[in-house]
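Chemist: Please find one structure pasted underneath; my questions will follow.
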Amino acid sequence: MENQEVRVRFAPSPTGGLHLGGVRTALYNYLFARKNKGKMILRIEDTDRTRFVEGAEAYIKESLEWCGIELDESPWDGGDFAPYRQSERKPMYMEYAQRLVDQGKAYYAFDTAEELEAMRERLKAARVVAPQYNVITRMTMKNSLTLPQDEVKKRLESGEPYVIRIKVPRKEQIRFNDLVRGWVTVQSASIDDKVLMKSDGMPTYHLANVVDDYLMKISHVIRGEEWLPSAPLHVLLYQYFGWNTPDFAHLPLILKPNGNGKLSKRDGDKLGFSVFPLQWVDPSNPDKSSTGYREQGYLSEAFVNFLAFLGWNPGKGSQKEIFTKAELIEEFSIERIGKSGAKFDIEKVKWYNQQYLRNLPNAELAEFLKADLQKHQIEESQDRIEQVCELMKERITFGNELWQESQYFFMTPTQYEEKVIKKKWNQQAVNVLTEFRLELEKLADFSGTNAKQTLYDVTQNQGIKMGKVMQAVRVAITGVGSGTDLTAIIEWLGKDEVIARIDTALETLKDRVKA
RNA sequence: GCACCAUUCGUCUAGGGGUUAGGACGCCGCCCUUUCACGGCGGUAACACGGGUUCAAAUCCCGUAUGGUGUACCA
């Protein structure tokens with residue numbers, strides 16, 4: 001496949017929300033395309049109408065947009081190989097299936113669901129290892145290989161439902177080189193005669209996938225490992241058609257954090273973290289929605305960075321972990337993708353988000369806060385909001401924690417953290433606070449530093465260590481026992497507000513003074 | 001059951017014949033800080049097992065075990 005333009009595709013099924021694994025597959029395809037100056041294509045694989053879910057397609061589109069995964073060709077952007085929905089390509093597939101039938105590489109089968117079930121039961125009873133429709137069993141079934149030609153013709157003409165199955169050779173070795181795993185060899189005998197065309201006239205995944213990848217000139221098939229077992233069938237199909245096979249790269253799966261199995265859509269709510277990039281609402285059950293990373297306050301750059309590193313790393317002894325999208329594109333290579341599944345770790349995503357949040361300009365961070373301020377009808381200047389962001393950015397993991405953690409800047413506390421009051425609200429503290437607010441009033445040149453010096457002088461005066469009463473002062477001013485630098489808080493609030501808050505605390509808590 | 005794939009700290013991973021087996025997350029400790037954090041420093045902890053090949057194996061080969069995926073007219 002050298003000297004050919006790199007064209008890769010992400011081919012999801014619109015059967016629900018796109019989950020983490022899918023996003024990562026799309027991401028790797030995208031990084032590979034950009035790295036190699038190729039094209040990124042999105043194809044909707046909606047050949048199973050029974051599983052179609054309303055809204056899933058829009059969700060996929062929005063998710064990719066949020067992640068910054070840009071598409072060169074898609075149902076929405078169009079392209080030279082349109083349409084990009086398999087349901088809209090339906091008429092094309094029969095021609096190819098027919099070609100295989102004509103060449104004796106596929107055949108019609110008329111077996112009903114009951115007959116198939118009976119066959120499997122029979123084989124199971126006979127202790128046949130794998131009850132499959134294959135090179136052996138096909139001769140006992142109702143198909144164009146066993147039925148007389150004129151009867152086949154009659155059945156077809158009468159409109160009797162049928163499928164087209166691939167005729168897998170008896171004893172052949174099928175080999176292909178996987179870019180992640182190396183050479184994979186499979187005996188044809190272990191592959192069954194998979195259905196290519198369903199009785200509703202739609203192709204199965206296998207046929208549609210191979211035909212479309214060929215027609216769309218896909219150079220590299222990068223997809224999840226769950227496809228590895230059927231890859232030999234696809235290779236056989238390419239051979240039957242006489243087409244060059246694209247290069248394959250089967251990605252290791254993203255596993256559940258607690259041990260076994262691949263991460264599934266349902267794990268999110270069960271395990272206490274999200275498996276969806278965006279909130280997903282099931283249209284058939286609107287009460288049940290699964291939250292997404294975006295809604296939880298994750299920055300998409302952090303999410304993408306994390307995902308890229310789940311199963312891939314740039315190697316070369318690199319210890320850098322924070323990569324912009326441009327850097328990921330620059331460094332990406334299929335060779336550096338790991339072979340084994342990676343367990344999902346929510347702590348690491350949080351860490352990534354923290355890192356990205358810190359590097360965010362205050363103006364951007366301020367947007368999170370502004371929404372909440374508006375909700376609470378608090379007016380504050382852009383400048384002062386950004387000051388708060390600067391003070392808070394190193395203490396939070398999520399943007400939407402900002403309000404929660406910085407409320408005391410904007411609102412006079414009405415409640416005081418019980419734990420701190422119990423421990424620290426004693427006569428000593430009250431004495432210090434009382435004198436402190438008096439001294440503060442006299443303070444001509446107010447600033448955080450000067451206020452702190454004043455507090456220090458007061459404690460010295462009363463023969464108390466400043467550290468002893470510090471938390472009481474903090475709780476009086478902010479209502480909570482921990483928060484950002486108190487000096488900075490005092491400076492931001494200003495003299496009058498600080499004095500007012502101390503007065504309020506002294507009054508509110510006058511009956512709580514510990515002996 | 002059968003087929004295919006995988007296996008380095010709890011987790012993500014680097015390392016691909018000679019390394020004190022490196023980093024990150026988490027956890028723990030210390031330092032900094034007259035407050036809260038950030039931060040800095042340090043600690044904890046891994047080559048699944050058994051055979052080979054070799055002067056030398058985490059690294060190459062073969063088994064075993066464990067785990068994963070697949071085995072639909074789903075994708």
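Every chain in the structure tokens takes a letter, A first, then B, and so on in the order presented; its residues are numbered from 1, and the ligands are numbered from 1 following the presented order.
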Quick one: everything within 12 Å of Thr324 of chain A, counting only C-alpha atoms (C1' of nucleotides), minus sequence neighbours fewer than 2 positions away in the same chain. Send it as a PyMOL selection string.

Modeler: chain A and resi 31+68+300-306+308+320-322+326-332+352+356+359

Chemist: Contacts of segment 246-258 of chain A at 7 Å or less, counting only C-alpha atoms (C1' of nucleotides), minus same-chain residues fewer than 6 places along, as a count of residues only?

Modeler: 21

Chemist: Could you produce a table of the residues of chain B lying within 8 Å of chain A, with the nearest pair of atoms per residue and their separation in Å rounded to one decimal, using only C-alpha atoms (C1' of nucleotides), ordered by chain and increasing residue number, as CSV?

Modeler:
residue,atom,partner,partner_atom,distance
B:G1,C1',A:Val129,CA,5.8
B:C2,C1',A:Ala130,CA,6.0
B:A3,C1',A:Ser190,CA,6.3
B:C4,C1',A:Pro229,CA,5.7
B:A6,C1',A:Ser340,CA,5.2
B:U7,C1',A:Ser340,CA,7.8
B:U11,C1',A:Asp345,CA,6.4
B:C12,C1',A:Leu310,CA,6.6
B:U13,C1',A:Asn313,CA,7.9
B:A14,C1',A:Gly317,CA,6.1
B:G23,C1',A:Gln319,CA,5.8
B:A24,C1',A:Glu321,CA,7.6
B:C25,C1',A:Lys348,CA,5.2
B:G26,C1',A:Glu347,CA,7.5
B:U34,C1',A:Met466,CA,5.7
B:U35,C1',A:Met470,CA,5.5
B:C36,C1',A:Thr484,CA,4.8
B:A37,C1',A:Thr484,CA,6.1
B:C38,C1',A:Glu394,CA,6.2
B:G67,C1',A:Asn260,CA,7.7
B:G68,C1',A:Gly261,CA,6.8
B:U69,C1',A:Glu226,CA,5.3
B:G70,C1',A:Pro229,CA,5.4
B:C73,C1',A:Lys198,CA,4.6
B:C74,C1',A:Asp48,CA,7.2
B:A75,C1',A:Ser13,CA,6.4

Chemist: Figure out the distance between atom CA of Ala97 of chain A and atom CA of Gly159 of chain A, please, to one decimal in Å.

Modeler: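 Distance between the two atoms: 17.6 Å.
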
Chemist: Among segment 93-213 of chain A, which residues carry a DSSP assignment of helix (DSSP H, G or I), reported as a PyMOL selection string?

Modeler: chain A and resi 93-102+113-125+137-140+149-157+188-190+205-213

Chemist: Please identify all polymer residues within 12 Å of Leu236 of chain A, counting only C-alpha atoms (C1' of nucleotides), omitting same-chain residues fewer than 5 positions from it, and present them as a PyMOL selection string.

Modeler: chain A and resi 100+105-106+166-169+172-176+186-188+191-194+206-207+210+230-231+241-245
